[in-house]
Amino acid sequence: MIPDSIGLTSTPVKAKQTANPIRPPRLTFLMGKGGVGRSTVAAAMGLALSRRGLRTLVVETSARQAVPAMFERRAAGYDPVECAPGLHCLRVTWEDALREYGVMKLRFRALYRLVFENPFVRRLLPAVPGVPEILVIGKIAYCATDGVPGIGTPDAVVVDAPATGHGLSLVTAPAVVADTVPAGPLAEDARRLRAVLLDSAFTRFHIVTTPEEMPVSEGIDLHGELSLRHGLPFGPVIVNAFQDLALPGQEREMARLAAASSSAPRGVLAAVQAALFMDARHRAQTAHLDRLKTVVPLPVVRLPEVPGAAGGRVKGLADHIDAVLWREAR
């Protein structure tokens with residue numbers, strides 16, 4: 001189903017189970033619940049890698065691209081956009097990958113339209129289990145191994161995977177297809193892709209979450225499914241938007257007494273209440289983080305809340321990511 005132009009042309013790699021937590025991999029997947037800032041983290045990680053002199057590609061998988069706008073660039077879908085020196089971004093959907101497959105396989109765009117834009121075929125393909133996901137994951141792997149026209153082969157590819165459910169379907173599709181399809185081109189492609197995803201020297205997965213109940217719960221479930229069941233190699237959990245301001249115990253009690261005072265000036269009272277709110281939020285976030293650590297046996301990287309516009313947040317997070325990941329490359 002997928003030719004070498006969409007799948008892999010390099011020699012299949014040996015599957016491994018344990019990720020080196022500090023070495024920059026060629027292929028990085030960011031997984032997690034929607035709304036946790038996964039796209040922003042992907043942009044920041046890509047920027048941090050490009051600052052190290054690595055030719056970096058950020059791949060988005062949703063219909064609406066978010067990363068180019070963070071760098072004040074216009075999105076171009078399947079065509080790569082330069083967001084910063086050494087950093088490009090593109091979007092991959094199954095329709096994009098199918099179009100490339102069809103044109104390369106049939107040689108002529110007119111034949112592609114005749115075959116793959118047939119209404120029946122357009123309805124049939126996404127209904128076949130694993131086919132859309134294999135097309136997308138195959139194109140992503142091809143970007144990492146054989147490159148992208150116009151920019152060459154990147155040193156690092158960062159994938160902003162779909163939110164939990166769709167993301168799970170995407171990265172487990174090669175294993176599902178390889179286990180259920182006995183033979184043929186699709187089964188062969190699935191086995192090659194599964195080998196790439198299992199190779200900890202080449203590929204790494206990160207759970208991205210915020211220190212809140214639902215994102216942490218989904219992150220725990222994702223890790224259990226992808227690591228424990230499928231053996232995919234994981235790096236540190238990335239906890240985004242962690243609020244690190246807290247009051248020591250004695251100061252907390254003094255603030256509570258001040259907040260209860262009827263004689264405190266209005267401005268002082270507002271400041272004290274704000275400090276108590278931030279302290280309570282920090283303690284709640286810490287409790288969710290502690291729950292995560294008791295279940296998921298991985299290091300945790302905490303990223304701070306960075307105020308301001310998207311571009312400023314990306315640059316601030318890139319500074320922080322560069323300080324805590326891939327330390328051996330300094």
# chains A, B, ... in the order shown; residues from 1 in each chain; ligands from 1
$ select_by_dssp --residues "stretch 35-205 of chain A" --states "helix (DSSP H, G or I)" --output "ChimeraX atom specification"
/A:38-51,67-70,94-106,109-116,119-127,131-146,164-180,185-198
$ write_last_selection --atoms "C-alpha atoms" --output "compact mmCIF listing (two decimals), in the first residue's frame"
# COMPACT_ATOMS: atom_id res chain seq x y z
CA ARG A 38 1.57 20.41 23.13
CA SER A 39 1.97 22.55 19.98
CA THR A 40 3.74 25.28 21.93
CA VAL A 41 6.08 22.73 23.50
CA ALA A 42 6.76 21.25 20.04
CA ALA A 43 7.64 24.68 18.69
CA ALA A 44 9.87 25.41 21.69
CA MET A 45 11.60 22.03 21.45
CA GLY A 46 12.19 22.59 17.74
CA LEU A 47 13.61 26.05 18.42
CA ALA A 48 15.91 24.70 21.15
CA LEU A 49 17.25 22.01 18.81
CA SER A 50 17.78 24.45 15.93
CA ARG A 51 19.71 26.79 18.24
CA VAL A 67 3.27 26.47 14.89
CA PRO A 68 4.04 28.86 11.97
CA ALA A 69 1.90 31.61 13.50
CA MET A 70 3.97 31.40 16.69
CA TRP A 94 -3.54 11.18 5.61
CA GLU A 95 -4.98 13.02 2.60
CA ASP A 96 -1.63 14.75 2.06
CA ALA A 97 0.29 11.48 2.30
CA LEU A 98 -2.19 9.69 0.05
CA ARG A 99 -1.85 12.38 -2.59
CA GLU A 100 1.93 12.01 -2.62
CA TYR A 101 1.62 8.24 -2.70
CA GLY A 102 -0.88 8.32 -5.54
CA VAL A 103 1.10 10.70 -7.73
CA MET A 104 4.37 8.80 -7.20
CA LYS A 105 2.76 5.40 -7.71
CA LEU A 106 0.69 6.30 -10.77
CA ARG A 109 -1.57 13.57 -11.36
CA ALA A 110 -4.51 12.98 -13.72
CA LEU A 111 -4.42 9.26 -12.97
CA TYR A 112 -4.23 9.99 -9.25
CA ARG A 113 -7.37 12.10 -9.48
CA LEU A 114 -9.13 9.40 -11.48
CA VAL A 115 -8.29 6.67 -8.97
CA PHE A 116 -7.95 8.23 -5.52
CA PRO A 119 -15.93 9.26 -4.33
CA PHE A 120 -16.13 5.55 -3.56
CA VAL A 121 -12.39 5.23 -2.94
CA ARG A 122 -12.37 8.42 -0.86
CA ARG A 123 -15.01 6.90 1.43
CA LEU A 124 -13.44 3.46 1.47
CA LEU A 125 -9.81 4.24 2.39
CA PRO A 126 -10.37 5.93 5.78
CA ALA A 127 -12.74 3.11 6.71
CA VAL A 131 -4.62 2.76 6.51
CA PRO A 132 -4.89 6.52 7.27
CA GLU A 133 -2.56 6.17 10.25
CA ILE A 134 0.01 4.11 8.31
CA LEU A 135 0.05 6.77 5.59
CA VAL A 136 0.70 9.53 8.15
CA ILE A 137 3.26 7.68 10.26
CA GLY A 138 4.99 6.45 7.10
CA LYS A 139 5.38 9.99 5.79
CA ILE A 140 6.68 11.20 9.16
CA ALA A 141 9.24 8.40 9.30
CA TYR A 142 10.25 9.12 5.72
CA CYS A 143 10.85 12.79 6.63
CA ALA A 144 13.19 11.63 9.40
CA THR A 145 15.09 9.08 7.31
CA ASP A 146 15.08 10.45 3.75
CA THR A 164 -4.85 11.27 23.27
CA GLY A 165 -7.27 9.00 21.40
CA HIS A 166 -6.20 9.85 17.86
CA GLY A 167 -2.56 9.99 18.91
CA LEU A 168 -2.80 6.51 20.38
CA SER A 169 -4.31 5.20 17.13
CA LEU A 170 -1.57 6.87 15.09
CA VAL A 171 1.49 5.48 16.87
CA THR A 172 0.07 2.00 17.52
CA ALA A 173 -1.20 1.49 13.96
CA PRO A 174 2.03 -0.19 12.75
CA ALA A 175 1.85 -2.76 15.56
CA VAL A 176 -1.87 -3.38 15.03
CA VAL A 177 -1.49 -3.82 11.28
CA ALA A 178 1.65 -5.96 11.61
CA ASP A 179 -0.17 -8.27 14.05
CA THR A 180 -3.39 -8.55 12.04
CA PRO A 185 3.11 -4.63 1.16
CA LEU A 186 1.01 -3.12 3.95
CA ALA A 187 2.22 -5.70 6.48
CA GLU A 188 5.85 -5.17 5.42
CA ASP A 189 5.56 -1.40 5.76
CA ALA A 190 3.91 -1.81 9.16
CA ARG A 191 6.75 -4.01 10.41
CA ARG A 192 9.39 -1.55 9.23
CA LEU A 193 7.56 1.34 10.88
CA ARG A 194 7.13 -0.57 14.13
CA ALA A 195 10.88 -1.26 14.19
CA VAL A 196 11.60 2.44 13.80
CA LEU A 197 9.18 3.39 16.59
CA LEU A 198 10.74 0.81 18.93
$ residues_around --residues "A:Ala287" --least-positions-apart "6" --cutoff "12 Å" --atoms "only C-alpha atoms" --output "PyMOL selection string"
chain A and resi 211-213+216+242+280-281+293-294
$ select_by_dssp --residues "stretch 42-231 of chain A" --states "strand (DSSP E)" --output "number ranges by chain"
A: 56-60, 81-84, 87-91, 156-160, 203-209
$ residues_around --residues "A:Arg52" --least-positions-apart "3" --cutoff "12 Å" --atoms "only C-alpha atoms" --output "list in words"
Pro24, Met45, Gly46, Leu47, Ala48, Leu49, Arg55, Thr56, Pro85, Gly86, Leu87, Asp155, Ala156, Ala318, Asp319, Ile321, Asp322, Ala323, Trp326, Arg327, Ala329 and Arg330 of chain A
$ residues_around --residues "A:Ser217" --least-positions-apart "3" --cutoff "12 Å" --atoms "only C-alpha atoms" --output "ChimeraX atom specification"
/A:32-33,164,207-214,220-224,288-289,291-293,295-296
$ closest_residue --among "A:Thr203, A:Ser263, A:Thr28, A:Thr61" --to "A:Val92" --atoms "only C-alpha atoms"
A:Thr61
$ residues_around --residues "A:Gly308" --least-positions-apart "5" --cutoff "12 Å" --atoms "only C-alpha atoms" --output "ChimeraX atom specification"
/A:70,313-317
$ residues_around --residues "A:Asp279" --least-positions-apart "4" --cutoff "10 Å" --atoms "only C-alpha atoms" --output "number ranges by chain"
A: 243-248, 252, 273-275, 283-285
